[in-house]
Amino acid sequence: MPELPEVEVLRRDLDKDVVGRKIKSVEVVTMRSVRRHTKRKQFTEPLEGAKIKSVERRGKYLVLALDNEQSLVIHLGMSGQLLRAKSAKVAKPKHTHVIIGFTQGGQLRFVDPRTFGEMFVTKSDVIADELPELGHLGFDPLDAGISVDRFAALLRQRSMKLKSLLMDQKFIAGIGNIYSDEILFQAGLRFDRLSDSLSPQEVRRLFRAVIEVLQDAVKYRGSTLADEGFVDLQGNPGEYQDHHQVYGREGEPCPRTKKPIMRQRYGNRSTYYSVSQV
DNA sequence: ACGCCCGCCTGTAAGC
DNA sequence: TGCTTACAGGCGGGCG
């Protein structure tokens with residue numbers, strides 16, 4: 001379940017490693033991974049011969065701008081991986097669905113066991129306008145753009161449970177199940193508190209927690225859980241899971257109170273929290 | 001219009 | 001031990 005930190009780690013890796021490279025060939029093994037296109041060629045033709053100009057992240061999406069006015073958009077879904085192979089000879093992992101070969105040699109591979117991820121190509125200038133899932137994204141917590149006051153105003157606009165709000169991509173882009181729990185623990189707030197019920201001090205705590213947790217997670221190169229297996233472009237796992245305070249730690253002592261971490265079903269998924277959150 | 005639940009997937013692990 | 005079932009969850013869509 002790559003969330004913002006994992007996608008940001010990949011963005012930085014791609015920025016160093018594939019920007020400037022020219023695409024020689026594209027092989028689509030599994031059409032489901034490019035399901036917005038009905039024909040393979042709609043995906044492969046705009047890519048072949050194009051040079052990668054830049055790599056941006058929008059929430060959990062990666063956008064690779066090409067030198068032909070088109071962009072390659074990637075969403076990793078739950079189990080998607082992007083892996084660099086120095087040569088085509090390197091053994092392909094199971095569930096390799098798309099292979100992008102570069103003129104200078106080497107490949108970029110899209111590997112995705114659960115196939116919730118996808119790749120597609122679209123004209124660069126219509127991304128925000130014509131793709132609602134990208135156009136409707138809320139603010140990016142790693143952009144320094146938003147102020148506490150603006151954040152407070154946005155919270156007051158709705159009366160939504162905090163966990164739902166943090167995971168709502170239209171409100172804030174890039175947070176999923178793991179980081180919403182970690183952020184709420186850091187902020188000392190319960191997942192079911194209503195967004196318009198927070199004191200100014202609680203708003204500030206939440207604001208700070210969002211930024212701190214996500215920045216920290218990027219610093220430790222993302223979270224790699226046993227059942228998921230996020231890895232960076234070179235195939236290395238992250239280390240932030242060792243810094244999780246509550247996620248996946250049901251029954252373990254809360255770092256603050258030593259009372260057992262609670263787990264509760266909320267919105268059809270597991271939520272971890274401590275009784276110290278109010 | 002919004003909150004909630006399902007379906008899409010596969011690998012892993014718990015349960016009988 | 002081996003089979004079945006539950007669970008993991010991002011996101012679109014459908015329903016109330």
# chains A, B, ... in the order shown; residues from 1 in each chain; ligands from 1
>>> interface_residues(of="chain B", to="chain A", cutoff="10 Å", atoms="only C-alpha atoms (C1' of nucleotides)", output="ChimeraX atom specification")
/B:3-5,8-13
>>> select_by_dssp(residues="segment 1-205 of chain A", states="strand (DSSP E or B)", output="ChimeraX atom specification")
/A:22-28,51-58,61-66,70-75,81-85,96-102,107-111,118-123,139,161,172,194
>>> closest_atom_pairs(of="chain A", to="chain C", cutoff="12 Å", atoms="only C-alpha atoms (C1' of nucleotides)", output="tab-separated table")
residue	atom	partner	partner_atom	distance
A:Met1	CA	C:DG9	C1'	6.9
A:Pro2	CA	C:DG10	C1'	9.2
A:Glu3	CA	C:DG10	C1'	9.3
A:Lys60	CA	C:DG10	C1'	9.6
A:Tyr61	CA	C:DG10	C1'	11.4
A:His75	CA	C:DG10	C1'	9.5
A:Leu76	CA	C:DG10	C1'	8.9
A:Gly77	CA	C:DG10	C1'	5.5
A:Met78	CA	C:DG10	C1'	6.3
A:Ser79	CA	C:DG9	C1'	9.6
A:Gly80	CA	C:DG10	C1'	11.2
A:Arg114	CA	C:DG9	C1'	10.4
A:Thr115	CA	C:DG10	C1'	11.1
A:Phe116	CA	C:DG10	C1'	7.5
A:Gly117	CA	C:DG10	C1'	8.7
A:Glu118	CA	C:DG10	C1'	11.4
A:Pro132	CA	C:DG12	C1'	11.2
A:Glu133	CA	C:DC11	C1'	9.2
A:Met167	CA	C:DG10	C1'	10.1
A:Asp168	CA	C:DC11	C1'	10.7
A:Gln169	CA	C:DC11	C1'	10.0
A:Gly174	CA	C:DG10	C1'	10.6
A:Ile175	CA	C:DG10	C1'	10.4
A:Gly176	CA	C:DG10	C1'	8.0
A:Asn177	CA	C:DG9	C1'	7.9
A:Ile178	CA	C:DG9	C1'	10.1
A:Leu225	CA	C:DA8	C1'	10.4
A:Ala226	CA	C:DA8	C1'	10.4
A:Asp227	CA	C:DA8	C1'	7.3
A:Glu228	CA	C:DA8	C1'	8.1
A:Gly229	CA	C:DA8	C1'	11.8
A:Gly248	CA	C:DA8	C1'	11.2
A:Arg265	CA	C:DC7	C1'	12.0
A:Gly267	CA	C:DG9	C1'	11.2
A:Asn268	CA	C:DG9	C1'	9.4
A:Arg269	CA	C:DG9	C1'	7.6
A:Ser270	CA	C:DA8	C1'	9.3
>>> write_last_selection(atoms="C-alpha atoms", output="CSV table (one decimal), in the first residue's frame")
chain,number,residue,atom,x,y,z
A,1,MET,CA,0.0,0.0,0.0
A,2,PRO,CA,2.4,2.6,-1.1
A,3,GLU,CA,1.2,6.0,0.3
A,60,LYS,CA,0.0,8.8,-4.7
A,61,TYR,CA,0.4,9.3,-8.5
A,75,HIS,CA,-0.4,4.6,-9.7
A,76,LEU,CA,0.9,1.7,-7.6
A,77,GLY,CA,-2.4,0.7,-6.1
A,78,MET,CA,-1.7,-1.7,-3.2
A,79,SER,CA,1.2,-3.8,-4.3
A,80,GLY,CA,2.8,-2.1,-7.3
A,114,ARG,CA,-2.6,-7.7,-6.7
A,115,THR,CA,-3.0,-5.7,-10.0
A,116,PHE,CA,-4.7,-2.7,-8.4
A,117,GLY,CA,-2.0,-0.5,-9.8
A,118,GLU,CA,-2.1,1.0,-13.3
A,132,PRO,CA,-10.9,13.8,-12.1
A,133,GLU,CA,-8.9,11.6,-9.8
A,167,MET,CA,-7.7,9.5,3.8
A,168,ASP,CA,-9.9,11.6,1.6
A,169,GLN,CA,-7.7,12.4,-1.4
A,174,GLY,CA,-1.4,11.0,-0.4
A,175,ILE,CA,-2.4,9.6,3.0
A,176,GLY,CA,-3.8,6.1,3.4
A,177,ASN,CA,-4.5,3.7,6.2
A,178,ILE,CA,-1.1,3.4,7.8
A,225,LEU,CA,5.3,-4.4,5.8
A,226,ALA,CA,5.5,-8.2,5.7
A,227,ASP,CA,2.4,-8.8,3.6
A,228,GLU,CA,3.0,-5.9,1.2
A,229,GLY,CA,6.6,-5.5,0.3
A,248,GLY,CA,0.1,-3.1,13.2
A,265,ARG,CA,-12.8,-2.0,12.5
A,267,GLY,CA,-14.9,1.9,7.5
A,268,ASN,CA,-14.2,-1.7,6.6
A,269,ARG,CA,-10.5,-1.5,7.6
A,270,SER,CA,-8.3,-1.9,10.6
>>> decode(residues="segment 2-16 of chain C", atoms="all heavy atoms", output="CSV table (one decimal), in the first residue's frame")
chain,number,residue,atom,x,y,z
C,2,DG,P,0.1,-32.4,3.5
C,2,DG,OP1,0.3,-33.4,2.4
C,2,DG,OP2,1.0,-31.2,3.5
C,2,DG,O5',-1.4,-31.8,3.3
C,2,DG,C5',-2.5,-32.7,3.2
C,2,DG,C4',-3.8,-31.9,3.0
C,2,DG,O4',-4.0,-31.3,4.3
C,2,DG,C3',-3.7,-30.8,2.0
C,2,DG,O3',-5.0,-30.7,1.4
C,2,DG,C2',-3.4,-29.6,2.8
C,2,DG,C1',-4.3,-29.9,4.1
C,2,DG,N9,-3.9,-29.1,5.3
C,2,DG,C8,-2.6,-28.8,5.7
C,2,DG,N7,-2.6,-28.1,6.8
C,2,DG,C5,-3.9,-28.1,7.2
C,2,DG,C6,-4.5,-27.5,8.3
C,2,DG,O6,-3.9,-26.9,9.2
C,2,DG,N1,-5.9,-27.6,8.3
C,2,DG,C2,-6.6,-28.3,7.3
C,2,DG,N2,-7.9,-28.3,7.5
C,2,DG,N3,-6.0,-28.8,6.3
C,2,DG,C4,-4.7,-28.7,6.2
C,3,DC,P,-5.1,-30.2,-0.1
C,3,DC,OP1,-5.2,-31.3,-1.1
C,3,DC,OP2,-4.0,-29.1,-0.3
C,3,DC,O5',-6.5,-29.4,-0.1
C,3,DC,C5',-7.6,-30.1,0.4
C,3,DC,C4',-8.4,-29.1,1.3
C,3,DC,O4',-7.6,-28.7,2.4
C,3,DC,C3',-8.8,-27.9,0.6
C,3,DC,O3',-10.2,-27.9,0.4
C,3,DC,C2',-8.4,-26.7,1.5
C,3,DC,C1',-8.0,-27.4,2.8
C,3,DC,N1,-6.8,-26.8,3.5
C,3,DC,C2,-7.0,-26.1,4.7
C,3,DC,O2,-8.2,-26.1,5.2
C,3,DC,N3,-6.0,-25.5,5.3
C,3,DC,C4,-4.8,-25.6,4.8
C,3,DC,N4,-3.8,-25.0,5.4
C,3,DC,C5,-4.5,-26.2,3.5
C,3,DC,C6,-5.6,-26.8,2.9
C,4,DT,P,-11.0,-26.7,-0.4
C,4,DT,OP1,-12.2,-27.2,-1.0
C,4,DT,OP2,-9.9,-26.0,-1.2
C,4,DT,O5',-11.3,-25.7,0.8
C,4,DT,C5',-12.1,-26.2,1.9
C,4,DT,C4',-12.3,-25.0,2.9
C,4,DT,O4',-11.1,-24.7,3.5
C,4,DT,C3',-12.9,-23.8,2.3
C,4,DT,O3',-13.9,-23.3,3.1
C,4,DT,C2',-11.7,-22.8,2.3
C,4,DT,C1',-10.9,-23.3,3.5
C,4,DT,N1,-9.4,-23.0,3.4
C,4,DT,C2,-8.8,-22.4,4.5
C,4,DT,O2,-9.4,-22.0,5.5
C,4,DT,N3,-7.5,-22.2,4.4
C,4,DT,C4,-6.7,-22.6,3.3
C,4,DT,O4,-5.5,-22.4,3.3
C,4,DT,C5,-7.4,-23.2,2.2
C,4,DT,C7,-6.6,-23.7,1.0
C,4,DT,C6,-8.7,-23.4,2.3
C,5,DT,P,-14.8,-22.1,2.6
C,5,DT,OP1,-16.2,-22.4,3.0
C,5,DT,OP2,-14.5,-21.8,1.2
C,5,DT,O5',-14.3,-20.9,3.6
C,5,DT,C5',-14.2,-21.1,5.0
C,5,DT,C4',-13.5,-20.0,5.6
C,5,DT,O4',-12.0,-20.0,5.3
C,5,DT,C3',-13.9,-18.6,5.1
C,5,DT,O3',-14.3,-17.8,6.2
C,5,DT,C2',-12.7,-18.0,4.4
C,5,DT,C1',-11.6,-18.8,5.0
C,5,DT,N1,-10.4,-19.0,4.1
C,5,DT,C2,-9.1,-18.7,4.6
C,5,DT,O2,-8.9,-18.3,5.8
C,5,DT,N3,-8.1,-18.9,3.8
C,5,DT,C4,-8.2,-19.4,2.5
C,5,DT,O4,-7.2,-19.5,1.8
C,5,DT,C5,-9.5,-19.6,2.0
C,5,DT,C7,-9.7,-20.1,0.6
C,5,DT,C6,-10.5,-19.4,2.8
C,6,DA,P,-14.8,-16.3,6.0
C,6,DA,OP1,-16.0,-16.1,6.9
C,6,DA,OP2,-15.0,-16.0,4.5
C,6,DA,O5',-13.6,-15.5,6.5
C,6,DA,C5',-13.0,-15.9,7.7
C,6,DA,C4',-11.8,-14.9,8.0
C,6,DA,O4',-10.7,-15.3,7.1
C,6,DA,C3',-12.1,-13.5,7.7
C,6,DA,O3',-11.4,-12.7,8.8
C,6,DA,C2',-11.4,-13.2,6.4
C,6,DA,C1',-10.2,-14.2,6.4
C,6,DA,N9,-9.8,-14.7,5.1
C,6,DA,C8,-10.6,-15.2,4.1
C,6,DA,N7,-9.9,-15.6,3.0
C,6,DA,C5,-8.6,-15.4,3.4
C,6,DA,C6,-7.4,-15.6,2.7
C,6,DA,N6,-7.3,-16.1,1.5
C,6,DA,N1,-6.2,-15.3,3.4
C,6,DA,C2,-6.3,-14.8,4.6
C,6,DA,N3,-7.4,-14.5,5.3
C,6,DA,C4,-8.5,-14.8,4.7
C,7,DC,P,-11.7,-11.2,8.9
C,7,DC,OP1,-11.9,-10.9,10.3
C,7,DC,OP2,-12.8,-10.8,7.9
C,7,DC,O5',-10.4,-10.5,8.4
C,7,DC,C5',-9.1,-11.1,8.8
C,7,DC,C4',-8.0,-10.5,8.0
C,7,DC,O4',-7.9,-11.3,6.8
C,7,DC,C3',-8.2,-9.0,7.6
C,7,DC,O3',-7.2,-8.3,8.1
C,7,DC,C2',-8.2,-9.1,6.0
C,7,DC,C1',-7.5,-10.4,5.8
C,7,DC,N1,-7.8,-11.0,4.5
C,7,DC,C2,-6.8,-11.5,3.6
C,7,DC,O2,-5.7,-11.3,4.0
C,7,DC,N3,-7.1,-12.1,2.5
C,7,DC,C4,-8.4,-12.3,2.1
C,7,DC,N4,-8.7,-12.9,1.0
C,7,DC,C5,-9.5,-11.8,3.0
C,7,DC,C6,-9.2,-11.2,4.1
C,8,DA,P,-7.4,-6.7,8.3
C,8,DA,OP1,-6.9,-6.4,9.6
C,8,DA,OP2,-8.7,-6.3,7.8
C,8,DA,O5',-6.4,-6.1,7.2
C,8,DA,C5',-5.0,-6.5,7.3
C,8,DA,C4',-4.4,-6.2,5.9
C,8,DA,O4',-4.7,-7.3,5.0
C,8,DA,C3',-4.9,-5.0,5.2
C,8,DA,O3',-4.2,-3.8,5.6
C,8,DA,C2',-4.7,-5.3,3.7
C,8,DA,C1',-4.6,-6.8,3.7
C,8,DA,N9,-5.7,-7.5,3.0
C,8,DA,C8,-7.1,-7.3,3.2
C,8,DA,N7,-7.8,-8.0,2.4
C,8,DA,C5,-6.9,-8.6,1.5
C,8,DA,C6,-7.0,-9.5,0.4
C,8,DA,N6,-8.2,-9.9,-0.1
C,8,DA,N1,-5.9,-9.9,-0.2
C,8,DA,C2,-4.7,-9.5,0.3
C,8,DA,N3,-4.5,-8.7,1.3
C,8,DA,C4,-5.6,-8.3,1.9
C,9,DG,P,-4.9,-2.5,6.0
C,9,DG,OP1,-3.9,-1.7,6.6
C,9,DG,OP2,-6.2,-2.8,6.6
C,9,DG,O5',-5.2,-1.9,4.5
C,9,DG,C5',-4.1,-1.5,3.7
C,9,DG,C4',-4.7,-1.2,2.3
C,9,DG,O4',-5.3,-2.4,1.7
C,9,DG,C3',-5.8,-0.2,2.3
C,9,DG,O3',-5.6,0.7,1.2
C,9,DG,C2',-7.0,-1.0,2.1
C,9,DG,C1',-6.5,-2.1,1.2
C,9,DG,N9,-7.3,-3.3,1.1
C,9,DG,C8,-8.3,-3.7,2.0
C,9,DG,N7,-8.9,-4.8,1.6
C,9,DG,C5,-8.3,-5.1,0.4
C,9,DG,C6,-8.6,-6.2,-0.5
C,9,DG,O6,-9.4,-7.1,-0.3
C,9,DG,N1,-7.7,-6.2,-1.6
C,9,DG,C2,-6.8,-5.2,-1.8
C,9,DG,N2,-6.1,-5.3,-2.9
C,9,DG,N3,-6.5,-4.2,-1.0
C,9,DG,C4,-7.3,-4.2,0.1
C,10,DG,P,-5.0,2.2,1.6
C,10,DG,OP1,-3.7,2.0,2.0
C,10,DG,OP2,-6.0,3.0,2.4
C,10,DG,O5',-5.0,2.8,0.1
C,10,DG,C5',-4.0,2.4,-0.8
C,10,DG,C4',-4.5,2.8,-2.2
C,10,DG,O4',-5.3,1.7,-2.7
C,10,DG,C3',-5.3,4.0,-2.3
C,10,DG,O3',-5.0,4.6,-3.6
C,10,DG,C2',-6.8,3.5,-2.3
C,10,DG,C1',-6.6,2.1,-2.9
C,10,DG,N9,-7.5,1.1,-2.3
C,10,DG,C8,-7.8,0.9,-1.0
C,10,DG,N7,-8.5,-0.1,-0.8
C,10,DG,C5,-8.8,-0.6,-2.0
C,10,DG,C6,-9.5,-1.8,-2.4
C,10,DG,O6,-10.1,-2.6,-1.7
C,10,DG,N1,-9.5,-2.0,-3.8
C,10,DG,C2,-8.9,-1.1,-4.7
C,10,DG,N2,-9.0,-1.5,-6.0
C,10,DG,N3,-8.1,-0.1,-4.4
C,10,DG,C4,-8.1,0.1,-3.0
C,11,DC,P,-5.7,6.0,-4.0
C,11,DC,OP1,-4.8,6.6,-5.0
C,11,DC,OP2,-6.1,6.7,-2.8
C,11,DC,O5',-7.0,5.6,-4.7
C,11,DC,C5',-6.9,4.8,-5.9
C,11,DC,C4',-8.3,4.4,-6.4
C,11,DC,O4',-8.8,3.3,-5.6
C,11,DC,C3',-9.4,5.5,-6.3
C,11,DC,O3',-10.0,5.6,-7.6
C,11,DC,C2',-10.3,5.1,-5.2
C,11,DC,C1',-10.2,3.6,-5.4
C,11,DC,N1,-10.7,2.8,-4.2
C,11,DC,C2,-11.3,1.6,-4.5
C,11,DC,O2,-11.5,1.2,-5.6
C,11,DC,N3,-11.7,0.8,-3.4
C,11,DC,C4,-11.6,1.3,-2.2
C,11,DC,N4,-12.0,0.5,-1.2
C,11,DC,C5,-10.9,2.5,-1.9
C,11,DC,C6,-10.5,3.2,-2.9
C,12,DG,P,-10.7,6.9,-8.0
C,12,DG,OP1,-9.7,7.6,-8.8
C,12,DG,OP2,-11.4,7.5,-6.9
C,12,DG,O5',-11.8,6.3,-9.0
C,12,DG,C5',-11.5,5.2,-9.8
C,12,DG,C4',-12.8,4.4,-10.0
C,12,DG,O4',-13.0,3.6,-8.8
C,12,DG,C3',-14.1,5.2,-10.3
C,12,DG,O3',-14.8,4.5,-11.3
C,12,DG,C2',-14.8,5.1,-8.9
C,12,DG,C1',-14.4,3.8,-8.4
C,12,DG,N9,-14.3,3.7,-6.9
C,12,DG,C8,-13.7,4.7,-6.1
C,12,DG,N7,-13.8,4.3,-4.8
C,12,DG,C5,-14.5,3.1,-4.8
C,12,DG,C6,-14.8,2.2,-3.8
C,12,DG,O6,-14.6,2.4,-2.6
C,12,DG,N1,-15.5,1.1,-4.2
C,12,DG,C2,-15.7,0.8,-5.5
C,12,DG,N2,-16.3,-0.4,-5.8
C,12,DG,N3,-15.4,1.6,-6.5
C,12,DG,C4,-14.8,2.7,-6.1
C,13,DG,P,-16.1,5.2,-11.9
C,13,DG,OP1,-16.0,4.9,-13.4
C,13,DG,OP2,-16.2,6.6,-11.5
C,13,DG,O5',-17.3,4.4,-11.3
C,13,DG,C5',-17.3,3.0,-11.4
C,13,DG,C4',-18.4,2.4,-10.5
C,13,DG,O4',-17.9,2.5,-9.1
C,13,DG,C3',-19.7,3.2,-10.6
C,13,DG,O3',-20.7,2.2,-10.6
C,13,DG,C2',-19.8,3.9,-9.3
C,13,DG,C1',-19.0,3.0,-8.3
C,13,DG,N9,-18.5,3.6,-7.1
C,13,DG,C8,-17.8,4.8,-7.1
C,13,DG,N7,-17.4,5.1,-5.9
C,13,DG,C5,-17.8,4.1,-5.1
C,13,DG,C6,-17.7,3.8,-3.7
C,13,DG,O6,-17.2,4.5,-2.8
C,13,DG,N1,-18.3,2.6,-3.3
C,13,DG,C2,-19.0,1.8,-4.2
C,13,DG,N2,-19.5,0.7,-3.6
C,13,DG,N3,-19.1,2.0,-5.5
C,13,DG,C4,-18.5,3.1,-5.9
C,14,DG,P,-22.1,2.6,-11.3
C,14,DG,OP1,-22.2,1.9,-12.6
C,14,DG,OP2,-22.3,4.1,-11.2
C,14,DG,O5',-23.2,1.9,-10.3
C,14,DG,C5',-22.9,0.7,-9.7
C,14,DG,C4',-23.5,0.6,-8.3
C,14,DG,O4',-22.7,1.3,-7.3
C,14,DG,C3',-24.9,1.3,-8.2
C,14,DG,O3',-25.8,0.4,-7.6
C,14,DG,C2',-24.6,2.5,-7.5
C,14,DG,C1',-23.5,2.1,-6.5
C,14,DG,N9,-22.7,3.2,-6.0
C,14,DG,C8,-22.1,4.2,-6.7
C,14,DG,N7,-21.4,5.1,-6.0
C,14,DG,C5,-21.5,4.5,-4.7
C,14,DG,C6,-20.9,5.0,-3.5
C,14,DG,O6,-20.2,6.0,-3.3
C,14,DG,N1,-21.3,4.1,-2.4
C,14,DG,C2,-22.0,3.0,-2.5
C,14,DG,N2,-22.2,2.3,-1.4
C,14,DG,N3,-22.6,2.6,-3.7
C,14,DG,C4,-22.3,3.4,-4.7
C,15,DC,P,-27.4,0.6,-7.8
C,15,DC,OP1,-27.9,-0.6,-8.4
C,15,DC,OP2,-27.6,2.0,-8.3
C,15,DC,O5',-27.8,0.6,-6.2
C,15,DC,C5',-27.2,-0.2,-5.3
C,15,DC,C4',-27.3,0.4,-3.9
C,15,DC,O4',-26.3,1.4,-3.7
C,15,DC,C3',-28.6,1.1,-3.6
C,15,DC,O3',-29.2,0.6,-2.4
C,15,DC,C2',-28.3,2.6,-3.6
C,15,DC,C1',-26.9,2.5,-3.1
C,15,DC,N1,-26.1,3.7,-3.4
C,15,DC,C2,-25.3,4.4,-2.4
C,15,DC,O2,-25.4,3.9,-1.2
C,15,DC,N3,-24.6,5.5,-2.7
C,15,DC,C4,-24.6,6.0,-4.0
C,15,DC,N4,-23.9,7.0,-4.2
C,15,DC,C5,-25.4,5.3,-5.0
C,15,DC,C6,-26.1,4.2,-4.7
C,16,DG,P,-30.8,0.7,-2.2
C,16,DG,OP1,-31.3,-0.7,-2.0
C,16,DG,OP2,-31.4,1.5,-3.3
C,16,DG,O5',-30.9,1.5,-0.9
C,16,DG,C5',-30.1,1.1,0.3
C,16,DG,C4',-29.9,2.3,1.2
C,16,DG,O4',-29.0,3.3,0.6
C,16,DG,C3',-31.2,3.1,1.5
C,16,DG,O3',-31.2,3.4,2.9
C,16,DG,C2',-31.1,4.4,0.6
C,16,DG,C1',-29.6,4.6,0.6
C,16,DG,N9,-29.1,5.3,-0.5
C,16,DG,C8,-29.5,5.2,-1.8
C,16,DG,N7,-28.8,6.1,-2.6
C,16,DG,C5,-28.0,6.8,-1.8
C,16,DG,C6,-27.0,7.8,-2.1
C,16,DG,O6,-26.8,8.3,-3.2
C,16,DG,N1,-26.4,8.2,-0.9
C,16,DG,C2,-26.6,7.7,0.3
C,16,DG,N2,-25.9,8.2,1.3
C,16,DG,N3,-27.4,6.8,0.6
C,16,DG,C4,-28.1,6.3,-0.5
